[in-house]
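Shown next: input.txt, containing compact mmCIF, C-alpha atoms.
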# COMPACT_ATOMS: atom_id res chain seq x y z
CA MET A 132 112.69 28.10 -57.23
CA LYS A 133 114.91 31.14 -56.58
CA LYS A 134 113.71 32.69 -59.83
CA ILE A 135 110.07 32.23 -58.79
CA GLN A 136 110.77 33.77 -55.37
CA LEU A 137 112.53 36.72 -57.04
CA PHE A 138 109.59 37.24 -59.41
CA ILE A 139 107.10 37.24 -56.51
CA CYS A 140 109.23 39.77 -54.61
CA LEU A 141 109.31 42.07 -57.65
CA ILE A 142 105.50 41.90 -57.99
CA VAL A 143 104.97 42.63 -54.28
CA SER A 144 107.43 45.52 -54.44
CA ALA A 145 105.64 46.99 -57.45
CA PHE A 146 102.26 46.88 -55.69
CA ALA A 147 103.79 48.38 -52.56
CA ALA A 148 105.32 51.19 -54.59
CA VAL A 149 101.95 51.98 -56.16
CA ALA A 150 100.20 51.88 -52.80
CA GLN A 151 102.78 54.22 -51.24
CA SER A 152 103.05 56.64 -54.18
CA PRO A 153 102.22 60.25 -53.27
CA SER A 154 98.72 61.39 -54.07
CA ALA A 155 98.16 63.47 -57.18
CA PRO A 156 96.64 66.92 -56.69
CA SER A 157 93.27 65.63 -57.94
CA ASP A 158 93.39 62.84 -55.35
CA THR A 159 93.99 65.42 -52.62
CA LEU A 160 90.99 67.44 -53.80
CA ARG A 161 88.79 64.36 -54.01
CA LYS A 162 88.68 63.95 -50.23
CA ASP A 163 87.22 67.48 -49.94
CA ALA A 164 84.53 66.86 -52.55
CA LEU A 165 80.83 66.85 -51.67
CA ASN A 166 79.48 63.37 -50.81
CA VAL A 167 76.21 62.77 -52.70
CA PHE A 168 73.83 59.84 -52.71
CA MET A 169 71.59 59.35 -55.75
CA GLU A 170 70.62 56.62 -58.18
CA THR A 171 72.38 57.72 -61.33
CA THR A 172 74.11 56.73 -64.57
CA ASP A 173 77.69 56.57 -65.82
CA TYR A 174 76.96 59.57 -68.05
CA ILE A 175 76.16 61.78 -65.05
CA ARG A 176 79.22 60.53 -63.15
CA ARG A 177 81.42 61.63 -66.05
CA GLU A 178 79.65 64.96 -66.61
CA ILE A 179 79.52 65.88 -62.90
CA ALA A 180 82.89 64.61 -61.75
CA TYR A 181 83.56 67.10 -58.92
CA ILE A 182 81.45 65.28 -56.30
CA ASN A 183 81.80 61.91 -54.58
CA TYR A 184 79.02 59.43 -55.40
CA VAL A 185 78.51 57.32 -52.29
CA ARG A 186 76.63 54.02 -52.15
CA ASP A 187 74.83 54.54 -48.86
CA ILE A 188 72.59 57.45 -47.95
CA LYS A 189 74.05 57.70 -44.44
CA ASP A 190 77.48 58.62 -45.86
CA ALA A 191 76.12 61.54 -47.90
CA GLY A 192 76.09 65.24 -47.12
CA VAL A 193 73.32 65.57 -49.69
CA TYR A 194 70.90 62.99 -51.04
CA ILE A 195 68.85 63.47 -54.20
CA LEU A 196 65.47 61.90 -54.90
CA GLN A 197 63.97 61.84 -58.39
CA SER A 198 60.38 61.58 -59.56
CA TYR A 199 58.65 62.11 -62.89
CA GLN A 200 55.13 62.59 -64.18
CA ARG A 201 53.42 63.14 -67.51
CA ALA A 202 53.47 66.77 -68.65
CA GLY A 203 50.77 68.58 -70.59
CA SER A 204 52.94 68.70 -73.72
CA GLY A 205 52.99 64.90 -73.95
CA GLY A 206 56.52 64.80 -72.58
CA TRP A 207 57.62 64.27 -68.98
CA GLU A 208 58.36 66.53 -66.04
CA TYR A 209 61.43 65.38 -64.08
CA THR A 210 61.73 66.65 -60.51
CA TYR A 211 64.77 66.45 -58.24
CA PHE A 212 64.61 66.88 -54.48
CA PHE A 213 67.94 67.97 -52.94
CA VAL A 214 68.04 67.27 -49.19
CA GLY A 215 71.03 68.24 -47.06
CA GLN A 216 72.07 66.32 -43.99
CA ARG A 217 75.01 66.17 -41.59
CA GLU A 218 76.98 69.39 -42.25
CA PHE A 219 74.31 70.52 -44.76
CA ALA A 220 71.29 69.79 -42.55
CA GLY A 221 68.39 72.18 -43.23
CA ILE A 222 69.57 73.10 -46.75
CA SER A 223 67.07 71.66 -49.23
CA ASP A 224 65.82 72.51 -52.72
CA THR A 225 63.55 71.25 -55.51
CA LEU A 226 64.30 71.67 -59.23
CA SER A 227 62.43 70.44 -62.32
CA PHE A 228 62.67 70.33 -66.09
CA VAL A 229 60.21 69.28 -68.79
CA THR A 230 60.94 67.25 -71.93
CA MET A 231 59.13 67.51 -75.24
CA PRO A 232 57.32 64.47 -76.75
CA ASP A 233 59.99 64.12 -79.46
CA GLU A 234 62.96 64.78 -77.17
CA THR A 235 66.00 62.61 -77.88
CA MET A 236 67.81 60.70 -75.17
CA GLU A 237 70.79 63.02 -75.58
CA GLY A 238 68.58 66.07 -75.08
CA ILE A 239 66.99 64.56 -71.96
CA ARG A 240 70.25 63.68 -70.27
CA GLN A 241 71.78 67.09 -71.06
CA LYS A 242 68.82 68.75 -69.33
CA GLU A 243 69.24 66.30 -66.45
CA VAL A 244 72.92 67.19 -66.04
CA ASN A 245 72.27 70.95 -66.21
CA THR A 246 69.49 70.70 -63.61
CA LEU A 247 71.63 68.62 -61.25
CA LYS A 248 74.58 71.00 -61.62
CA MET A 249 72.44 73.99 -60.68
CA GLY A 250 70.97 72.18 -57.69
CA LEU A 251 74.37 71.06 -56.42
CA MET A 252 76.02 74.48 -56.58
CA ARG A 253 74.66 75.72 -53.24
CA TYR A 254 76.31 72.73 -51.56
CA VAL A 255 79.55 72.70 -53.58
CA ALA A 256 79.89 76.42 -52.77
CA ARG A 257 80.42 75.43 -49.13
CA THR A 258 83.32 73.05 -49.91
CA PRO A 259 87.01 73.80 -50.69
CA LEU A 260 86.34 72.86 -54.34
CA SER A 261 84.19 75.98 -54.83
CA LYS A 262 87.21 78.03 -55.92
CA PHE A 263 87.53 75.81 -59.00
CA ILE A 264 83.91 76.35 -60.13
CA SER A 265 83.02 78.88 -62.83
CA ILE A 266 79.47 79.78 -63.90
CA ASN A 267 78.59 80.88 -67.44
CA PHE A 268 75.41 82.10 -69.10
CA THR A 269 75.42 81.00 -72.74
CA GLU A 270 72.18 82.34 -74.23
CA PRO A 271 71.52 86.11 -74.46
CA LEU A 272 67.97 87.08 -73.50
CA SER A 273 65.69 88.94 -75.88
CA GLU A 274 63.87 92.03 -74.65
CA THR A 275 60.43 90.66 -75.58
CA VAL A 276 58.56 87.46 -74.68
CA SER A 277 57.05 85.46 -77.52
CA THR A 278 53.47 84.17 -77.18
CA ASP A 279 52.32 80.59 -77.60
CA ASN A 280 50.75 80.36 -81.05
CA TRP A 281 49.23 76.97 -80.16
CA ASN A 282 47.59 78.20 -76.94
CA SER A 283 49.00 75.22 -74.95
CA TRP A 284 47.59 72.62 -77.40
CA VAL A 285 49.84 69.65 -78.18
CA PHE A 286 49.02 67.08 -80.88
CA ARG A 287 50.62 63.68 -81.27
CA THR A 288 50.15 60.74 -83.61
CA SER A 289 51.90 57.39 -83.97
CA VAL A 290 51.62 54.13 -85.90
CA ASN A 291 53.30 50.92 -84.73
CA GLY A 292 53.37 47.43 -86.16
CA TYR A 293 55.35 44.28 -86.68
CA LEU A 294 55.41 41.06 -88.69
CA ASN A 295 56.88 37.91 -87.20
CA GLY A 296 56.90 34.41 -88.57
CA GLN A 297 58.43 31.10 -89.51
CA LYS A 298 57.25 28.02 -91.39
CA SER A 299 54.57 27.01 -88.88
CA TYR A 300 53.81 30.34 -87.21
CA LYS A 301 52.91 33.85 -88.35
CA SER A 302 52.03 36.87 -86.28
CA SER A 303 51.15 40.45 -87.19
CA TYR A 304 50.32 43.52 -85.14
CA LEU A 305 49.19 47.05 -85.98
CA SER A 306 48.23 49.93 -83.74
CA GLY A 307 47.65 53.62 -84.26
CA ASN A 308 47.17 56.51 -81.84
CA ILE A 309 46.28 60.17 -82.17
CA SER A 310 45.88 62.62 -79.32
CA ALA A 311 45.22 66.29 -78.64
CA ASN A 312 46.02 67.68 -75.19
CA ARG A 313 45.78 71.07 -73.57
CA THR A 314 47.09 71.49 -70.03
CA THR A 315 47.10 74.66 -67.96
CA GLU A 316 46.98 75.30 -64.22
CA ALA A 317 43.23 75.82 -64.43
CA LEU A 318 42.16 73.19 -66.97
CA LYS A 319 43.29 69.86 -68.40
CA LEU A 320 41.77 68.43 -71.58
CA ASN A 321 42.98 65.14 -73.06
CA ILE A 322 41.50 63.68 -76.26
CA SER A 323 42.85 60.40 -77.61
CA ALA A 324 41.82 57.85 -80.23
CA ARG A 325 43.31 54.38 -80.63
CA TYR A 326 43.06 51.47 -83.08
CA PHE A 327 44.50 48.01 -82.46
CA TYR A 328 44.59 44.82 -84.57
CA SER A 329 46.55 41.58 -84.18
CA LEU A 330 46.49 38.23 -85.97
CA ASP A 331 48.15 34.90 -85.13
CA LYS A 332 48.29 31.78 -87.30
CA PHE A 333 49.63 28.35 -86.31
CA ASP A 334 50.06 25.38 -88.67
CA ILE A 335 49.77 22.21 -86.57
CA ASP A 336 49.73 18.75 -88.20
CA GLY A 337 48.23 20.09 -91.42
CA SER A 338 45.53 22.17 -89.72
CA THR A 339 45.56 25.93 -89.23
CA LEU A 340 44.77 27.58 -85.91
CA LYS A 341 43.91 31.24 -86.45
CA SER A 342 42.87 33.98 -84.08
CA ASP A 343 42.58 37.74 -84.38
CA ASN A 344 41.83 40.57 -81.98
CA ARG A 345 40.80 44.13 -82.69
CA SER A 346 39.65 47.19 -80.80
CA LYS A 347 39.16 50.92 -81.25
CA SER A 348 38.38 53.67 -78.80
CA LEU A 349 37.92 57.39 -78.32
CA THR A 350 38.50 58.85 -74.85
CA ILE A 351 38.02 62.40 -73.61
CA LEU A 352 39.10 63.60 -70.16
CA LEU A 353 38.22 67.07 -68.88
CA VAL A 354 39.50 68.29 -65.47
CA LYS A 355 38.83 71.66 -63.84
CA SER A 356 41.09 72.85 -60.99
CA LEU A 357 38.96 74.04 -58.08
CA SER A 358 41.63 74.59 -55.44
CA ASN A 359 44.98 73.20 -54.33
CA HIS A 360 43.14 70.11 -53.01
CA TRP A 361 39.97 69.74 -55.13
CA SER A 362 39.32 69.00 -58.81
CA SER A 363 36.22 68.19 -60.84
CA GLY A 364 35.71 66.83 -64.32
CA GLY A 365 34.64 63.76 -66.19
CA TYR A 366 35.35 61.00 -68.71
CA LEU A 367 33.65 60.33 -72.03
CA SER A 368 34.63 57.14 -73.85
CA MET A 369 33.35 55.09 -76.78
CA GLY A 370 34.58 52.29 -78.98
CA SER A 371 34.53 48.52 -79.51
CA SER A 372 36.55 45.47 -78.44
CA SER A 373 36.43 41.90 -79.70
CA TYR A 374 38.22 40.73 -76.53
CA ASN A 375 35.48 42.17 -74.30
CA ASN A 376 32.64 41.11 -76.65
CA GLU A 377 31.75 44.77 -77.30
CA GLN A 378 30.38 45.62 -80.73
CA SER A 379 30.04 49.21 -79.57
CA PHE A 380 29.97 51.03 -76.25
CA TYR A 381 29.95 54.51 -74.80
CA SER A 382 30.10 55.83 -71.26
CA LEU A 383 29.88 59.20 -69.53
CA MET A 384 31.39 59.46 -66.04
CA PRO A 385 31.44 62.80 -64.12
CA ALA A 386 34.13 62.78 -61.43
CA LEU A 387 35.34 64.61 -58.32
CA GLU A 388 38.79 64.30 -56.73
CA TYR A 389 40.28 65.36 -53.39
CA ASP A 390 44.01 65.24 -52.59
CA VAL A 391 44.86 65.35 -48.88
CA TYR A 392 48.20 66.93 -49.79
CA PRO A 393 48.38 70.03 -52.02
CA TYR A 394 48.65 69.28 -55.73
CA SER A 395 51.82 71.38 -55.72
CA GLU A 396 53.47 68.50 -53.80
CA SER A 397 52.28 65.80 -56.21
CA THR A 398 55.78 64.80 -57.34
CA ARG A 399 56.76 64.07 -53.73
CA ARG A 400 53.57 62.75 -52.11
CA GLN A 401 49.90 62.16 -52.94
CA LEU A 402 46.84 60.80 -51.16
CA ARG A 403 43.98 61.10 -53.66
CA PHE A 404 40.32 60.12 -53.44
CA LEU A 405 38.68 60.00 -56.89
CA TYR A 406 34.95 59.28 -57.24
CA LYS A 407 33.28 58.65 -60.62
CA ALA A 408 29.64 57.85 -61.36
CA GLY A 409 27.76 57.68 -64.64
CA TYR A 410 26.11 55.83 -67.51
CA TYR A 411 27.38 52.92 -69.61
CA ASN A 412 25.71 51.63 -72.80
CA VAL A 413 26.96 48.57 -74.67
CA SER A 414 25.89 46.38 -77.61
CA TYR A 415 27.47 42.92 -77.63
CA LEU A 416 28.98 40.98 -80.52
CA ASP A 417 27.53 37.71 -79.17
CA THR A 418 24.76 36.94 -76.68
CA THR A 419 26.06 37.06 -73.13
CA ILE A 420 25.71 34.48 -70.36
CA TYR A 421 22.78 36.61 -69.12
CA ASN A 422 21.06 36.30 -72.55
CA HIS A 423 21.63 39.98 -73.30
CA THR A 424 22.58 41.49 -76.63
CA LYS A 425 22.88 44.98 -75.15
CA ASP A 426 22.87 46.69 -71.74
CA ASN A 427 22.05 50.14 -70.38
CA LEU A 428 23.80 50.45 -67.03
CA TRP A 429 24.60 52.92 -64.26
CA GLN A 430 27.84 52.46 -62.38
CA HIS A 431 30.20 54.18 -59.97
CA ASN A 432 33.86 53.90 -59.02
CA LEU A 433 36.01 54.98 -56.06
CA THR A 434 39.80 55.09 -56.28
CA VAL A 435 42.12 55.72 -53.33
CA ALA A 436 45.74 56.26 -54.34
CA TYR A 437 48.76 56.93 -52.14
CA GLY A 438 52.29 57.69 -53.30
CA VAL A 439 55.35 58.95 -51.46
CA ILE A 440 59.05 59.35 -52.24
CA GLN A 441 61.43 59.55 -49.25
CA LYS A 442 65.08 58.80 -48.55
CA TRP A 443 64.07 55.37 -47.25
CA GLY A 444 62.39 54.46 -50.54
CA THR A 445 59.20 54.70 -52.56
CA ILE A 446 55.62 53.59 -52.01
CA ASP A 447 52.93 53.77 -54.71
CA VAL A 448 49.66 51.96 -54.01
CA SER A 449 46.02 52.23 -55.11
CA LEU A 450 42.71 50.60 -54.25
CA ILE A 451 39.80 50.67 -56.73
CA TYR A 452 36.22 49.62 -56.01
CA GLU A 453 33.43 49.69 -58.60
CA ASN A 454 29.98 48.22 -59.06
CA TYR A 455 26.83 48.47 -61.19
CA LEU A 456 24.03 50.30 -59.41
CA HIS A 457 21.25 47.94 -60.56
CA ASP A 458 22.92 45.04 -58.70
CA PHE A 459 25.56 45.69 -56.03
CA SER A 460 26.71 42.08 -56.26
CA LYS A 461 28.17 42.94 -59.69
CA ASN A 462 31.35 44.55 -58.38
CA SER A 463 35.12 44.40 -58.41
CA LEU A 464 37.90 45.36 -56.04
CA THR A 465 41.46 45.89 -57.30
CA PHE A 466 44.67 46.57 -55.40
CA ASP A 467 47.89 47.69 -57.10
CA GLY A 468 51.08 48.39 -55.21
CA TYR A 469 54.78 49.07 -55.69
CA ILE A 470 57.23 49.34 -52.79
CA ASN A 471 60.99 49.94 -52.89
CA LEU A 472 62.60 50.12 -49.43
CA ARG A 473 66.17 50.62 -48.24
CA ILE A 474 66.31 48.34 -45.20
CA ALA A 475 69.89 48.95 -44.11
CA LYS A 476 73.23 50.05 -45.53
CA GLY A 477 73.52 48.39 -48.93
CA LEU A 478 70.33 46.33 -48.47
CA SER A 479 67.12 47.11 -50.37
CA ILE A 480 63.98 45.23 -51.36
CA ASN A 481 61.34 45.92 -54.00
CA CYS A 482 57.94 44.39 -54.58
CA TYR A 483 55.15 44.91 -57.08
CA GLY A 484 51.76 43.28 -56.80
CA SER A 485 48.29 43.44 -58.26
CA ILE A 486 45.25 41.48 -57.16
CA ALA A 487 41.61 41.82 -58.21
CA VAL A 488 38.40 40.24 -56.95
CA ILE A 489 36.01 40.18 -59.92
CA HIS A 490 32.23 39.80 -59.92
CA ASN A 491 31.18 42.17 -62.74
CA GLN A 492 31.87 40.35 -66.02
CA LEU A 493 28.56 41.15 -67.72
CA GLY A 494 29.89 40.76 -71.26
CA LEU A 495 31.00 37.11 -71.13
CA VAL A 496 29.96 35.22 -74.26
CA LYS A 497 27.26 32.58 -73.81
CA GLY A 498 28.81 29.18 -74.49
CA GLY A 499 32.32 30.31 -73.55
CA ALA A 500 35.38 30.71 -75.76
CA THR A 501 36.77 28.38 -78.41
CA ARG A 502 39.95 26.37 -77.85
CA GLU A 503 41.90 28.83 -80.01
CA GLU A 504 40.54 31.82 -78.12
CA VAL A 505 41.46 30.25 -74.78
CA ILE A 506 45.00 29.34 -75.86
CA LEU A 507 45.70 32.74 -77.43
CA GLN A 508 43.71 34.74 -74.82
CA ARG A 509 41.58 36.42 -77.47
CA LYS A 510 38.40 36.46 -75.38
CA GLU A 511 37.66 37.49 -71.84
CA LEU A 512 37.25 34.33 -69.74
CA GLU A 513 35.15 33.84 -66.65
CA THR A 514 37.07 34.27 -63.41
CA GLN A 515 36.55 35.51 -59.88
CA TYR A 516 40.07 36.80 -59.38
CA GLN A 517 43.33 37.60 -61.06
CA TYR A 518 46.75 38.47 -59.66
CA TYR A 519 50.33 39.32 -60.55
CA THR A 520 53.37 39.82 -58.35
CA SER A 521 57.12 40.29 -58.59
CA PHE A 522 59.79 40.95 -55.99
CA GLY A 523 63.52 41.37 -55.60
CA ILE A 524 66.24 41.92 -53.02
CA SER A 525 69.76 43.32 -53.39
CA TYR A 526 72.74 43.76 -51.11
CA THR A 527 75.91 45.74 -51.83
CA PHE A 528 78.98 46.13 -49.64
CA GLY A 529 82.52 47.48 -49.94
CA SER A 530 83.84 50.99 -50.59
CA ILE A 531 81.42 53.80 -49.85
CA TYR A 532 82.46 55.61 -53.06
CA ASN A 533 81.02 55.03 -56.52
CA ASN A 534 82.79 57.63 -58.67
CA VAL A 535 84.76 55.73 -61.29
CA VAL A 536 83.39 54.94 -64.75
CA ASN A 537 85.27 52.29 -66.74
CA PRO A 538 83.47 51.14 -69.93
CA ARG A 539 86.21 48.81 -71.17
CA PHE A 540 84.98 45.39 -72.37
CA GLY A 541 81.38 46.60 -71.95
CA GLN A 542 79.30 47.04 -68.81
This structure in structure tokens:
Amino acid sequence: MKKIQLFICLIVSAFAAVAQSPSAPSDTLRKDALNVFMETTDYIRREIAYINYVRDIKDAGVYILQSYQRAGSGGWEYTYFFVGQREFAGISDTLSFVTMPDETMEGIRQKEVNTLKMGLMRYVARTPLSKFISINFTEPLSETVSTDNWNSWVFRTSVNGYLNGQKSYKSSYLSGNISANRTTEALKLNISARYFYSLDKFDIDGSTLKSDNRSKSLTILLVKSLSNHWSSGGYLSMGSSSYNNEQSFYSLMPALEYDVYPYSESTRRQLRFLYKAGYYNVSYLDTTIYNHTKDNLWQHNLTVAYGVIQKWGTIDVSLIYENYLHDFSKNSLTFDGYINLRIAKGLSINCYGSIAVIHNQLGLVKGGATREEVILQRKELETQYQYYTSFGISYTFGSIYNNVVNPRFGQ
């Protein structure tokens, strides 16, 4: 018993010695570091180690919001909003970088780190740690500016497929895409073509259940910038789809859009009203429930979309109404929404939902779908609604700091 008591005393003494050990110089500096709130990765914590990463936005001197949107090159534009508060109140900034379509993950995160470092300097410069910061310029500038030989055109192509199977089941999938895009401040032109094919086979009690699905399409989008709030343009699309009972179709839809907020603020907030109206021609693979083998239709569509990114979270919702002009009862109404809210310190909720009221299924096959097509969802089925939803809640408590990265034994 005495040996056990002695062992416990030694352990307690060791912990007490560690707890009372004098702080290292780096520990002393850490308390003077800039407190930053942002949703980030272990890589960034290691690369930008001279700030404190705090878990709650109220403990931060600076909070950073991130958004991204598709760029004209086919890559992505990442935007960071630096917002000062407490001792840095009123000091804000916005920085962006653009990735190329073939950018590697290493290239993306290096650009991310460099952008964050530049944005943080104006805040770090006001802390005692500023005397340990050095700034270098690594790439000498040429005296001339090279021109763009491609005149802002970007081309991309891809082929994807898989084979999957076992004794009683086989599945195959093949898709191909090709696109040509040109994006400038004044004009946006997107041209894309797509082919899709899939096949499933099931061997059940000596019988074979087989179903395939194929589609192809060509889509052209042209948008002209009219002002910082208005845009005009249109959509041209054509193709075929076995799922939608379309042997061939084409549509032409002129469009007009108004954004309540300037387009220059699109990465932070949007409230867009997009109206489309035009012609739709389709020839069906099978006779429809209306005894049609083809249709010539006029239709219109109104989309209202709202998105905002703030320190309390993110909201991204849209409402779409469309109908055929020959019969206003042939319509649909779709709502999509994503919300991520920080309710209190450490507590956040997120929710995604989509619901549609459907009354415009003109291409439904007369006689319905076969058992195989129903099971494998190879044909559009009659319905008056469809929905999808997901949600989550998280709560974190403890130390306000989130600086340390320890990869041992995995994450």
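Taking atom CA of Tyr410 of chain A as the reference point, atom CA of Leu428 of chain A is found at 5.9 Å.
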Residues within 12 Å of (58.1, 45.1, -55.4), counting all atoms listed in the file, listed as a PyMOL selection string: chain A and resi 444-448+467-472+479-485+519-525
Could you save those same residues with C-alpha atoms as a CSV table (one decimal), in the frame of the given file?
chain,number,residue,atom,x,y,z
A,444,GLY,CA,62.4,54.5,-50.5
A,445,THR,CA,59.2,54.7,-52.6
A,446,ILE,CA,55.6,53.6,-52.0
A,447,ASP,CA,52.9,53.8,-54.7
A,448,VAL,CA,49.7,52.0,-54.0
A,467,ASP,CA,47.9,47.7,-57.1
A,468,GLY,CA,51.1,48.4,-55.2
A,469,TYR,CA,54.8,49.1,-55.7
A,470,ILE,CA,57.2,49.3,-52.8
A,471,ASN,CA,61.0,49.9,-52.9
A,472,LEU,CA,62.6,50.1,-49.4
A,479,SER,CA,67.1,47.1,-50.4
A,480,ILE,CA,64.0,45.2,-51.4
A,481,ASN,CA,61.3,45.9,-54.0
A,482,CYS,CA,57.9,44.4,-54.6
A,483,TYR,CA,55.2,44.9,-57.1
A,484,GLY,CA,51.8,43.3,-56.8
A,485,SER,CA,48.3,43.4,-58.3
A,519,TYR,CA,50.3,39.3,-60.6
A,520,THR,CA,53.4,39.8,-58.4
A,521,SER,CA,57.1,40.3,-58.6
A,522,PHE,CA,59.8,41.0,-56.0
A,523,GLY,CA,63.5,41.4,-55.6
A,524,ILE,CA,66.2,41.9,-53.0
A,525,SER,CA,69.8,43.3,-53.4
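The shortest atom-to-atom distance to Lys332 of chain A, with only C-alpha atoms taken into account, belongs to A:Lys298 out of A:Lys298, A:Lys407, A:Arg400, A:Arg345.
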Axis-aligned box for all listed atoms of segment 175-181 of chain A, 3 Å per side, centre and edges in Å to one decimal, as JSON:
{"center_x": 79.9, "center_y": 63.8, "center_z": -62.8, "size_x": 13.4, "size_y": 12.6, "size_z": 13.7}
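Note that atom CA of Ser346 of chain A and atom CA of Arg201 of chain A are 24.9 Å apart.
Closest approach to Val439 of chain A from the set A:Tyr392, A:Phe286, A:Tyr326, A:Tyr194 is made by A:Tyr392, with distances taken over all atoms listed in the file.
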